[in-house]
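Just final00.csv here, CSV, C-alpha atoms:
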```csv
chain,number,residue,atom,x,y,z
A,1,MET,CA,87.5,-71.2,-43.2
A,2,THR,CA,84.6,-70.9,-40.7
A,3,VAL,CA,86.9,-70.9,-37.8
A,4,LEU,CA,89.1,-68.2,-39.4
A,5,LEU,CA,86.1,-66.0,-40.2
A,6,ALA,CA,84.7,-66.4,-36.7
A,7,ALA,CA,88.1,-65.5,-35.1
A,8,THR,CA,88.4,-62.5,-37.5
A,9,CYS,CA,85.0,-61.2,-36.6
A,10,GLY,CA,85.8,-61.5,-32.9
A,11,LEU,CA,89.2,-59.8,-33.1
A,12,ILE,CA,87.9,-56.9,-35.2
A,13,VAL,CA,84.7,-56.2,-33.3
A,14,ALA,CA,86.6,-56.1,-30.1
A,15,ASN,CA,88.2,-52.9,-31.3
A,16,LEU,CA,84.9,-51.2,-30.8
A,17,TYR,CA,84.7,-52.0,-27.1
A,18,TYR,CA,88.2,-51.7,-25.7
A,19,ALA,CA,87.8,-48.1,-24.8
A,20,GLN,CA,84.6,-48.5,-22.8
A,21,PRO,CA,86.1,-49.7,-19.5
A,22,LEU,CA,89.1,-47.4,-20.1
A,23,ALA,CA,87.2,-44.2,-20.5
A,24,GLY,CA,88.3,-43.0,-17.1
A,25,PRO,CA,92.0,-43.4,-17.4
A,26,ILE,CA,92.0,-42.2,-21.1
A,27,SER,CA,90.1,-39.0,-20.2
A,28,ALA,CA,92.4,-38.4,-17.2
A,29,SER,CA,95.5,-38.9,-19.4
A,30,LEU,CA,94.4,-36.7,-22.2
A,31,GLY,CA,92.7,-34.0,-20.1
A,32,LEU,CA,89.1,-34.7,-21.0
A,33,SER,CA,86.4,-33.7,-18.5
A,34,HIS,CA,84.0,-36.3,-17.0
A,35,ALA,CA,81.3,-35.1,-19.4
A,36,GLY,CA,83.8,-35.3,-22.3
A,37,ALA,CA,84.7,-38.8,-21.4
A,38,GLY,CA,81.4,-40.0,-22.9
A,39,LEU,CA,82.6,-38.8,-26.3
A,40,ILE,CA,85.2,-41.6,-26.3
A,41,VAL,CA,82.5,-44.2,-26.7
A,42,THR,CA,80.2,-41.9,-28.7
A,43,MET,CA,82.7,-41.2,-31.5
A,44,THR,CA,83.4,-45.0,-32.0
A,45,GLN,CA,79.6,-45.6,-32.2
A,46,LEU,CA,79.1,-42.7,-34.7
A,47,GLY,CA,81.9,-44.1,-36.9
A,48,TYR,CA,80.4,-47.6,-36.8
A,49,GLY,CA,77.0,-46.4,-37.6
A,50,ALA,CA,78.3,-44.4,-40.6
A,51,GLY,CA,80.2,-47.4,-41.8
A,52,LEU,CA,77.2,-49.7,-41.6
A,53,LEU,CA,75.2,-47.3,-43.9
A,54,PHE,CA,77.9,-46.2,-46.3
A,55,ILE,CA,80.6,-48.9,-46.4
A,56,VAL,CA,79.0,-52.2,-45.7
A,57,PRO,CA,76.6,-51.9,-48.8
A,58,LEU,CA,79.8,-51.9,-50.9
A,59,GLY,CA,79.9,-55.7,-50.3
A,60,ASP,CA,77.3,-55.9,-53.0
A,61,LEU,CA,79.4,-53.9,-55.5
A,62,VAL,CA,83.2,-54.3,-54.7
A,63,GLU,CA,85.2,-57.5,-54.7
A,64,ASN,CA,84.8,-58.6,-51.1
A,65,ARG,CA,88.3,-59.8,-50.2
A,66,ARG,CA,89.8,-56.5,-51.2
A,67,LEU,CA,87.1,-54.5,-49.4
A,68,ILE,CA,87.6,-56.4,-46.2
A,69,LEU,CA,91.3,-55.9,-46.2
A,70,ALA,CA,91.0,-52.2,-47.0
A,71,VAL,CA,88.5,-51.5,-44.2
A,72,THR,CA,90.6,-53.6,-41.8
A,73,ALA,CA,93.7,-51.6,-42.8
A,74,LEU,CA,91.8,-48.4,-41.8
A,75,ALA,CA,91.0,-49.9,-38.4
A,76,THR,CA,94.7,-50.8,-37.9
A,77,VAL,CA,95.9,-47.3,-38.7
A,78,ALA,CA,93.3,-45.8,-36.4
A,79,LEU,CA,94.2,-48.1,-33.5
A,80,LEU,CA,97.9,-47.0,-33.8
A,81,GLY,CA,96.7,-43.4,-33.9
A,82,ALA,CA,94.7,-44.0,-30.7
A,83,ALA,CA,97.7,-45.5,-29.0
A,84,LEU,CA,100.0,-42.6,-30.0
A,85,ALA,CA,97.4,-39.8,-29.6
A,86,PRO,CA,98.9,-36.8,-27.9
A,87,THR,CA,95.7,-34.9,-27.4
A,88,ALA,CA,92.0,-35.6,-26.7
A,89,GLY,CA,91.1,-34.3,-30.2
A,90,ALA,CA,93.5,-36.7,-31.8
A,91,PHE,CA,92.2,-39.6,-29.8
A,92,LEU,CA,88.5,-38.8,-30.6
A,93,LEU,CA,89.4,-38.7,-34.3
A,94,ALA,CA,91.1,-42.1,-34.0
A,95,ALA,CA,88.0,-43.4,-32.2
A,96,LEU,CA,85.8,-42.3,-35.0
A,97,LEU,CA,88.0,-44.1,-37.6
A,98,ILE,CA,88.2,-47.2,-35.4
A,99,GLY,CA,84.4,-47.3,-35.5
A,100,ILE,CA,84.4,-47.0,-39.3
A,101,GLY,CA,87.1,-49.6,-39.8
A,102,SER,CA,85.4,-52.1,-37.5
A,103,VAL,CA,82.5,-52.5,-39.9
A,104,ALA,CA,84.7,-55.0,-41.7
A,105,VAL,CA,82.9,-57.6,-39.5
A,106,GLN,CA,79.6,-56.8,-41.2
A,107,ILE,CA,81.1,-57.4,-44.6
A,108,LEU,CA,82.5,-60.7,-43.4
A,109,VAL,CA,79.2,-62.1,-42.2
A,110,PRO,CA,77.3,-62.0,-45.5
A,111,TYR,CA,80.6,-63.0,-47.2
A,112,ALA,CA,80.5,-66.2,-45.0
A,113,ALA,CA,76.9,-66.7,-46.0
A,114,HIS,CA,77.9,-66.6,-49.7
A,115,LEU,CA,80.6,-69.2,-49.1
A,116,ALA,CA,78.2,-71.6,-47.3
A,117,PRO,CA,75.9,-74.1,-49.0
A,118,GLU,CA,72.2,-73.3,-48.5
A,119,ALA,CA,71.6,-76.3,-46.3
A,120,LYS,CA,74.3,-75.3,-43.8
A,121,ARG,CA,74.0,-71.5,-44.1
A,122,GLY,CA,72.5,-71.0,-40.7
A,123,GLN,CA,75.1,-73.2,-39.0
A,124,VAL,CA,77.9,-71.3,-40.7
A,125,VAL,CA,76.5,-67.9,-39.9
A,126,GLY,CA,75.9,-69.0,-36.3
A,127,ASN,CA,79.5,-70.2,-35.9
A,128,VAL,CA,80.8,-66.9,-37.3
A,129,MET,CA,78.5,-64.9,-35.1
A,130,SER,CA,79.7,-66.8,-32.1
A,131,GLY,CA,83.1,-65.4,-32.8
A,132,LEU,CA,81.6,-61.9,-33.1
A,133,MET,CA,79.7,-62.1,-29.8
A,134,LEU,CA,82.8,-63.5,-28.0
A,135,GLY,CA,84.7,-60.5,-29.3
A,136,ILE,CA,82.1,-58.2,-27.9
A,137,MET,CA,81.9,-59.9,-24.5
A,138,LEU,CA,85.6,-60.6,-24.0
A,139,SER,CA,86.9,-57.2,-25.1
A,140,ARG,CA,85.9,-55.2,-22.0
A,141,PRO,CA,87.4,-57.6,-19.4
A,142,VAL,CA,90.5,-58.1,-21.6
A,143,ALA,CA,91.0,-54.3,-21.8
A,144,SER,CA,90.5,-54.0,-18.1
A,145,PHE,CA,93.1,-56.7,-17.3
A,146,VAL,CA,95.7,-55.4,-19.7
A,147,ALA,CA,95.3,-51.8,-18.5
A,148,GLN,CA,95.6,-52.9,-14.9
A,149,VAL,CA,99.0,-54.5,-15.4
A,150,SER,CA,100.3,-52.0,-18.0
A,151,SER,CA,98.4,-48.9,-19.4
A,152,TRP,CA,95.6,-48.1,-21.7
A,153,HIS,CA,98.2,-47.4,-24.5
A,154,THR,CA,99.2,-51.0,-24.4
A,155,VAL,CA,95.7,-52.1,-25.2
A,156,PHE,CA,95.7,-50.2,-28.5
A,157,PHE,CA,99.3,-51.1,-29.4
A,158,ALA,CA,98.6,-54.8,-28.8
A,159,SER,CA,95.4,-54.6,-31.0
A,160,THR,CA,97.4,-52.9,-33.7
A,161,ALA,CA,99.8,-55.8,-33.8
A,162,VAL,CA,97.0,-58.3,-33.8
A,163,MET,CA,95.3,-56.5,-36.8
A,164,LEU,CA,98.6,-56.6,-38.8
A,165,VAL,CA,99.0,-60.3,-38.2
A,166,LEU,CA,95.3,-60.9,-39.1
A,167,MET,CA,95.6,-58.9,-42.3
A,168,ALA,CA,98.6,-61.0,-43.4
A,169,VAL,CA,96.6,-64.2,-42.7
A,170,LEU,CA,93.5,-62.9,-44.5
A,171,THR,CA,95.5,-61.9,-47.6
A,172,ARG,CA,96.6,-65.5,-48.1
A,173,ALA,CA,93.5,-67.3,-46.9
A,174,LEU,CA,90.4,-65.5,-48.2
A,175,PRO,CA,89.0,-66.4,-51.6
A,176,ALA,CA,88.0,-63.6,-53.9
A,177,ARG,CA,84.3,-62.9,-54.4
A,178,VAL,CA,83.1,-60.6,-57.1
A,179,PRO,CA,79.5,-59.4,-56.8
A,180,ALA,CA,77.3,-59.6,-59.9
A,181,HIS,CA,76.0,-56.0,-59.4
A,182,ARG,CA,77.2,-53.2,-61.6
A,183,LEU,CA,75.2,-50.4,-59.9
A,184,GLY,CA,76.8,-47.0,-59.2
A,185,TYR,CA,77.5,-46.2,-55.6
A,186,GLY,CA,74.6,-43.6,-55.4
A,187,ALA,CA,72.1,-46.1,-56.9
A,188,LEU,CA,73.4,-48.7,-54.5
A,189,LEU,CA,72.6,-46.5,-51.5
A,190,ALA,CA,69.3,-45.4,-52.9
A,191,SER,CA,68.2,-49.1,-53.4
A,192,MET,CA,68.5,-49.7,-49.7
A,193,LEU,CA,65.3,-47.6,-49.1
A,194,ASN,CA,63.4,-49.7,-51.6
A,195,LEU,CA,64.6,-52.9,-50.0
A,196,ALA,CA,63.5,-51.7,-46.6
A,197,ARG,CA,60.1,-50.8,-48.0
A,198,THR,CA,59.4,-54.0,-49.9
A,199,MET,CA,60.8,-56.6,-47.4
A,200,PRO,CA,58.7,-57.1,-44.3
A,201,VAL,CA,61.0,-59.8,-43.0
A,202,LEU,CA,63.8,-57.3,-42.9
A,203,ARG,CA,61.7,-54.8,-41.0
A,204,ARG,CA,60.4,-57.4,-38.5
A,205,ARG,CA,63.8,-58.9,-37.8
A,206,ALA,CA,65.3,-55.4,-37.4
A,207,LEU,CA,62.6,-54.5,-34.9
A,208,TYR,CA,63.0,-57.7,-32.9
A,209,GLN,CA,66.8,-57.2,-32.6
A,210,PHE,CA,66.3,-53.5,-31.8
A,211,CYS,CA,64.4,-54.5,-28.7
A,212,LEU,CA,66.7,-57.4,-27.7
A,213,PHE,CA,70.0,-55.7,-28.2
A,214,GLY,CA,68.6,-52.7,-26.4
A,215,ALA,CA,67.9,-54.9,-23.4
A,216,PHE,CA,71.5,-56.4,-23.8
A,217,SER,CA,73.1,-52.9,-23.8
A,218,LEU,CA,70.9,-51.8,-20.9
A,219,PHE,CA,72.0,-54.8,-18.8
A,220,TRP,CA,75.7,-54.3,-19.5
A,221,THR,CA,75.5,-50.5,-18.9
A,222,THR,CA,73.7,-50.8,-15.6
A,223,THR,CA,75.1,-54.0,-13.9
A,224,PRO,CA,78.7,-52.5,-13.5
A,225,LEU,CA,77.1,-49.6,-11.7
A,226,LEU,CA,75.1,-52.0,-9.5
A,227,LEU,CA,78.1,-54.2,-8.7
A,228,ALA,CA,80.4,-51.3,-7.9
A,229,GLY,CA,77.7,-49.7,-5.7
A,230,PRO,CA,77.0,-50.1,-1.9
A,231,LEU,CA,75.1,-53.4,-2.3
A,232,TYR,CA,78.0,-55.4,-3.7
A,233,ARG,CA,81.1,-53.2,-3.6
A,234,LEU,CA,83.0,-55.1,-6.3
A,235,SER,CA,86.3,-53.9,-7.6
A,236,GLN,CA,87.0,-53.3,-11.3
A,237,PHE,CA,88.7,-56.7,-11.3
A,238,GLY,CA,85.6,-58.3,-9.9
A,239,ILE,CA,83.4,-56.6,-12.4
A,240,ALA,CA,85.6,-57.9,-15.2
A,241,LEU,CA,85.2,-61.4,-13.9
A,242,PHE,CA,81.5,-60.9,-13.9
A,243,ALA,CA,81.6,-59.8,-17.5
A,244,LEU,CA,83.7,-63.0,-18.3
A,245,ALA,CA,80.9,-65.1,-16.9
A,246,GLY,CA,78.4,-63.7,-19.4
A,247,VAL,CA,80.6,-65.0,-22.3
A,248,ALA,CA,79.0,-68.4,-21.8
A,249,GLY,CA,75.8,-67.0,-23.5
A,250,ALA,CA,77.7,-67.0,-26.8
A,251,VAL,CA,77.2,-70.8,-27.0
A,252,SER,CA,73.7,-70.1,-28.4
A,253,ALA,CA,75.0,-68.8,-31.7
A,254,PRO,CA,75.9,-72.2,-33.4
A,255,LEU,CA,72.9,-73.8,-31.7
A,256,ALA,CA,70.6,-71.1,-33.2
A,257,GLY,CA,72.2,-71.6,-36.6
A,258,ARG,CA,71.4,-75.3,-36.6
A,259,VAL,CA,67.8,-74.6,-35.5
A,260,ALA,CA,67.4,-72.1,-38.3
A,261,ASP,CA,68.6,-74.6,-40.9
A,262,ARG,CA,65.9,-76.9,-39.7
A,263,GLY,CA,63.2,-74.3,-40.5
A,264,TRP,CA,62.4,-73.4,-36.9
A,265,ILE,CA,63.3,-69.7,-37.0
A,266,ARG,CA,59.8,-68.4,-35.9
A,267,PRO,CA,59.3,-70.6,-32.8
A,268,ALA,CA,62.9,-70.2,-31.8
A,269,SER,CA,62.7,-66.4,-32.0
A,270,GLY,CA,59.8,-66.4,-29.6
A,271,LEU,CA,61.7,-68.6,-27.2
A,272,ALA,CA,64.8,-66.3,-27.5
A,273,MET,CA,62.6,-63.3,-26.5
A,274,LEU,CA,61.2,-65.1,-23.5
A,275,THR,CA,64.7,-66.1,-22.5
A,276,VAL,CA,65.9,-62.5,-22.4
A,277,ALA,CA,62.9,-61.4,-20.3
A,278,ALA,CA,63.6,-64.3,-17.9
A,279,GLY,CA,67.2,-63.2,-17.6
A,280,PHE,CA,66.2,-59.9,-16.1
A,281,ALA,CA,63.4,-61.4,-14.0
A,282,VAL,CA,65.6,-64.0,-12.3
A,283,THR,CA,67.8,-61.2,-10.8
A,284,HIS,CA,64.8,-60.3,-8.4
A,285,VAL,CA,64.4,-63.7,-6.8
A,286,ALA,CA,66.8,-63.1,-3.9
A,287,ALA,CA,67.4,-60.3,-1.5
A,288,PRO,CA,69.5,-57.5,-3.1
A,289,GLY,CA,73.1,-57.6,-2.0
A,290,SER,CA,73.1,-61.2,-0.8
A,291,PRO,CA,75.5,-63.9,-2.2
A,292,LEU,CA,72.5,-65.6,-3.8
A,293,ALA,CA,71.5,-62.3,-5.5
A,294,LEU,CA,75.0,-62.0,-6.9
A,295,ALA,CA,74.9,-65.6,-8.2
A,296,LEU,CA,71.6,-64.9,-9.9
A,297,LEU,CA,73.0,-61.8,-11.5
A,298,VAL,CA,75.6,-64.0,-13.1
A,299,VAL,CA,72.9,-66.4,-14.2
A,300,GLY,CA,70.9,-63.4,-15.6
A,301,ALA,CA,74.0,-62.3,-17.6
A,302,VAL,CA,74.4,-65.7,-19.2
A,303,VAL,CA,70.7,-66.0,-20.0
A,304,VAL,CA,70.3,-62.5,-21.4
A,305,ASP,CA,73.4,-63.0,-23.6
A,306,PHE,CA,72.1,-66.4,-24.7
A,307,GLY,CA,68.8,-65.1,-25.9
A,308,VAL,CA,70.1,-62.0,-27.6
A,309,THR,CA,72.8,-63.9,-29.5
A,310,ALA,CA,70.3,-66.6,-30.6
A,311,ASN,CA,67.9,-64.1,-31.9
A,312,LEU,CA,70.6,-62.3,-33.8
A,313,VAL,CA,71.7,-65.4,-35.6
A,314,LEU,CA,68.1,-66.4,-36.4
A,315,GLY,CA,67.5,-62.9,-37.8
A,316,GLN,CA,70.5,-63.0,-40.0
A,317,ARG,CA,69.7,-66.4,-41.3
A,318,ALA,CA,66.2,-65.1,-42.2
A,319,ILE,CA,67.4,-62.0,-44.0
A,320,PHE,CA,70.2,-63.8,-45.8
A,321,SER,CA,67.6,-66.0,-47.4
A,322,LEU,CA,65.9,-63.0,-49.1
A,323,GLY,CA,68.4,-62.8,-51.9
A,324,ALA,CA,72.2,-63.3,-52.4
A,325,GLU,CA,72.6,-60.2,-54.6
A,326,TYR,CA,71.8,-57.7,-51.8
A,327,ARG,CA,73.0,-59.5,-48.7
A,328,ALA,CA,75.5,-56.8,-47.8
A,329,ARG,CA,72.8,-54.0,-48.0
A,330,LEU,CA,70.4,-56.1,-46.0
A,331,ASN,CA,73.0,-56.8,-43.4
A,332,GLY,CA,74.0,-53.1,-43.3
A,333,MET,CA,70.4,-52.0,-42.6
A,334,PHE,CA,69.7,-54.8,-40.1
A,335,MET,CA,72.9,-54.1,-38.1
A,336,ALA,CA,72.3,-50.3,-38.2
A,337,PHE,CA,68.9,-50.8,-36.5
A,338,PHE,CA,70.5,-53.3,-34.1
A,339,PHE,CA,73.2,-50.7,-33.3
A,340,VAL,CA,70.5,-47.9,-32.7
A,341,GLY,CA,68.7,-50.3,-30.4
A,342,GLY,CA,71.9,-50.7,-28.4
A,343,ALA,CA,72.5,-47.0,-28.1
A,344,VAL,CA,68.8,-46.5,-27.0
A,345,GLY,CA,69.2,-49.3,-24.4
A,346,SER,CA,72.4,-47.8,-23.0
A,347,ALA,CA,70.9,-44.4,-22.7
A,348,ALA,CA,67.7,-45.7,-21.1
A,349,GLY,CA,69.7,-47.8,-18.7
A,350,GLY,CA,71.8,-45.0,-17.5
A,351,TRP,CA,68.8,-42.7,-17.0
A,352,ALA,CA,66.7,-45.5,-15.3
A,353,TYR,CA,69.5,-46.5,-12.9
A,354,ALA,CA,70.0,-42.8,-11.9
A,355,GLN,CA,66.3,-42.4,-11.3
A,356,GLY,CA,65.3,-45.7,-9.7
A,357,GLY,CA,68.3,-48.0,-9.5
A,358,TRP,CA,68.3,-51.6,-10.6
A,359,PRO,CA,64.5,-52.1,-10.1
A,360,LEU,CA,63.6,-49.5,-12.7
A,361,ALA,CA,66.4,-50.4,-15.1
A,362,SER,CA,65.5,-54.1,-15.0
A,363,SER,CA,61.8,-53.3,-15.5
A,364,ILE,CA,62.7,-51.6,-18.8
A,365,GLY,CA,65.0,-54.6,-19.5
A,366,VAL,CA,62.0,-56.9,-19.2
A,367,ALA,CA,59.7,-54.6,-21.2
A,368,LEU,CA,61.9,-54.5,-24.3
A,369,PRO,CA,61.9,-58.3,-25.0
A,370,VAL,CA,58.2,-58.4,-24.1
A,371,LEU,CA,57.5,-55.7,-26.7
A,372,ALA,CA,59.5,-57.8,-29.3
A,373,LEU,CA,57.4,-60.8,-28.2
A,374,LEU,CA,54.1,-58.9,-28.8
A,375,LEU,CA,55.4,-58.0,-32.3
A,376,TRP,CA,56.3,-61.6,-32.9
A,377,LEU,CA,52.8,-62.7,-31.9
A,378,THR,CA,51.3,-60.5,-34.6
A,379,GLU,CA,53.5,-62.3,-37.1
A,380,ALA,CA,52.4,-65.7,-35.8
A,381,PHE,CA,48.7,-64.9,-35.8
A,382,GLY,CA,49.0,-63.3,-39.2
A,383,ARG,CA,50.4,-66.4,-40.7
A,384,ARG,CA,47.9,-68.6,-39.0
A,385,GLY,CA,45.0,-66.5,-40.3
A,386,SER,CA,46.4,-66.7,-43.9
```

Before anything else, please render the file you have as structure tokens.
Amino acid sequence: MTVLLAATCGLIVANLYYAQPLAGPISASLGLSHAGAGLIVTMTQLGYGAGLLFIVPLGDLVENRRLILAVTALATVALLGAALAPTAGAFLLAALLIGIGSVAVQILVPYAAHLAPEAKRGQVVGNVMSGLMLGIMLSRPVASFVAQVSSWHTVFFASTAVMLVLMAVLTRALPARVPAHRLGYGALLASMLNLARTMPVLRRRALYQFCLFGAFSLFWTTTPLLLAGPLYRLSQFGIALFALAGVAGAVSAPLAGRVADRGWIRPASGLAMLTVAAGFAVTHVAAPGSPLALALLVVGAVVVDFGVTANLVLGQRAIFSLGAEYRARLNGMFMAFFFVGGAVGSAAGGWAYAQGGWPLASSIGVALPVLALLLWLTEAFGRRGS
């Protein structure tokens, strides 16, 4: 079951990211301007953000198996709509719905936590999250490879077919889970504000991951620009291979889950933050443009991904221990903040690279995990004082 849930999360979350490396050919095919091409990613992000806040909390109210299948079905229809879209407007609408439908993964993660025994909950969540992070990291190079040998339409047709097969498997394999809550939908949403107000662990873990996923998004927004530029002159194929190297960082997810089950969430979180900062710092050891500098960029990619993934699993293990009856709402709020951090990091990275190249962008990349570490120190000292 854990393997199935991990694979499901990876396959569904990949739908969010297929369009990112294909924004150029999609916009050219549908008549979008260069400025309008940014909307391809933005609409998907907007849909995902809305789904986190308005659909994921339903996991505390609606039978989970049925909800997962319904949301995945929406993503499947939207993927087919994207593949067949005759105009830019139709594609952007499909992108919005792909984002909404992809929040099925954030219903699956607390669902997995419910199925797991307490003693192994971190391990199970870590294994499932490794599938999710592999989906994020592999989606871009896979989309690039497929589009290179065929077209961007093929990427969305293939994903539609994968979702249909996946839904058939989930229909037979997933056990039902009926939440105990009988709140109305409005009361369910209103309760999220009270949970955020009364649970400092949720606020802290959300802030930590805001900073770290911001650094992750900054890294993966700016390094393709650096690698395609005059220092390295890599082709799209070479950049896709670079992205594949970063996938090795996903190995930290199951490791972090086991560490969390041993009660070491707090020290492991500090180590994860230091790891992300080190991933950016190591890229400055060698002369820019040299083979050694390129090799260290690959090392930096693995290290950054390792630290961000570990901190994500540690954070989810911590918030899932706050109460089974509101895990879906906690996860929705946590991931919404996580998502905003990624959007901020991407925007900051694009601006910084335009203004000062990799030195400025990577300086911000170091600053974000250092800020998280400073916040973590206040937690550590506060507990020591008490």

Worksheet item: Phe145 in chain A: which residues within 12 Å, counting only C-alpha atoms, same-chain residues fewer than 3 positions away excluded, as a ChimeraX atom specification?
Response: /A:18,21-22,138-142,148-152,154-155,236-241,243-244

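If you count only C-alpha atoms and ignore residues fewer than 6 places along the chain from Val71 in chain A, what sits within 10 Å of it is Gly51, Ile55, Val56, Leu97, Ile98, Ile100, Gly101, Ser102, Val103, Ala104, Val105 and Ile107 of chain A.
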
Would you export the selected residues with C-alpha atoms as a compact mmCIF listing (two decimals), keeping the file's coordinate frame, please?
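Saved the output as out22.txt:
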```
# COMPACT_ATOMS: atom_id res chain seq x y z
CA GLY A 51 80.20 -47.40 -41.80
CA ILE A 55 80.60 -48.90 -46.40
CA VAL A 56 79.00 -52.20 -45.70
CA LEU A 97 88.00 -44.10 -37.60
CA ILE A 98 88.20 -47.20 -35.40
CA ILE A 100 84.40 -47.00 -39.30
CA GLY A 101 87.10 -49.60 -39.80
CA SER A 102 85.40 -52.10 -37.50
CA VAL A 103 82.50 -52.50 -39.90
CA ALA A 104 84.70 -55.00 -41.70
CA VAL A 105 82.90 -57.60 -39.50
CA ILE A 107 81.10 -57.40 -44.60
```

Worksheet item: So how far away is CA of Leu368 in chain A from CA of Ala113 in chain A, in Å?
Response: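 Separation of CA of Ala113 in chain A and CA of Leu368 in chain A: 29.1 Å.
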
Worksheet entry | Point (72.8, -72.3, -32.6), cut-off 12 Å, counting all atoms listed in the file, residues as a PyMOL selection string | chain A and resi 120-130+249-262+264-265+268-269+272+306-315+317

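Of the residues listed (A:Arg233, A:Arg266, A:His284, A:Arg329), A:Arg266 shows the shortest atom-to-atom separation from Arg204 in chain A; distances use only C-alpha atoms.
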
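Of the listed residues (A:Val285, A:Val41, A:Ala367, A:Leu69), A:Leu69 comes nearest to Ala173 in chain A; the distances count all atoms listed in the file.
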
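Minimum atom-to-atom distance to Tyr353 in chain A, evaluated using only C-alpha atoms, belongs to A:Gly365 out of A:Pro291, A:Gly365, A:Gly214, A:Gly246.
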
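Atom to atom, CA of Ser217 in chain A and CA of Val3 in chain A stand 26.7 Å apart.
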
Worksheet item: Can you tell me, as a list in words, which residues sit within 6 Å of (67.9, -52.1, -31.1) in the file's frame, using only C-alpha atoms?
Response: Gln209, Phe210, Cys211, Phe213, Gly214, Phe337, Phe338, Phe339, Val340, Gly341 and Gly342 of chain A

Could you write range 168-181 of chain A of the block just shown to a file containing N, CA and C atoms, as a short mmCIF file (atom, residue, chain, number, x, y, z; two decimals), in the first residue's frame?
```cif
data_model
loop_
_atom_site.label_atom_id
_atom_site.label_comp_id
_atom_site.auth_asym_id
_atom_site.auth_seq_id
_atom_site.Cartn_x
_atom_site.Cartn_y
_atom_site.Cartn_z
N ALA A 168 -8.14 3.28 -12.17
CA ALA A 168 -8.65 1.91 -12.14
C ALA A 168 -7.98 1.11 -11.02
N VAL A 169 -6.68 1.32 -10.84
CA VAL A 169 -5.96 0.62 -9.77
C VAL A 169 -6.43 1.09 -8.40
N LEU A 170 -6.56 2.41 -8.23
CA LEU A 170 -6.96 2.97 -6.94
C LEU A 170 -8.38 2.53 -6.56
N THR A 171 -9.25 2.45 -7.55
CA THR A 171 -10.64 2.03 -7.28
C THR A 171 -10.68 0.65 -6.62
N ARG A 172 -9.78 -0.23 -7.04
CA ARG A 172 -9.76 -1.59 -6.49
C ARG A 172 -8.93 -1.69 -5.22
N ALA A 173 -7.89 -0.85 -5.09
CA ALA A 173 -6.89 -1.08 -4.03
C ALA A 173 -7.10 -0.26 -2.77
N LEU A 174 -7.64 0.95 -2.87
CA LEU A 174 -7.70 1.82 -1.70
C LEU A 174 -8.82 1.40 -0.75
N PRO A 175 -8.51 1.29 0.53
CA PRO A 175 -9.58 1.06 1.51
C PRO A 175 -10.34 2.35 1.79
N ALA A 176 -11.60 2.21 2.16
CA ALA A 176 -12.41 3.39 2.50
C ALA A 176 -11.96 3.93 3.85
N ARG A 177 -12.09 5.26 3.99
CA ARG A 177 -11.86 5.89 5.29
C ARG A 177 -12.90 6.99 5.47
N VAL A 178 -13.77 6.82 6.45
CA VAL A 178 -14.84 7.79 6.71
C VAL A 178 -14.44 8.64 7.90
N PRO A 179 -14.25 9.95 7.75
CA PRO A 179 -13.89 10.82 8.88
C PRO A 179 -15.01 10.86 9.92
N ALA A 180 -14.61 11.14 11.15
CA ALA A 180 -15.59 11.21 12.24
C ALA A 180 -16.34 12.53 12.26
N HIS A 181 -15.78 13.58 11.62
CA HIS A 181 -16.38 14.91 11.67
C HIS A 181 -17.72 14.96 10.95
#
```
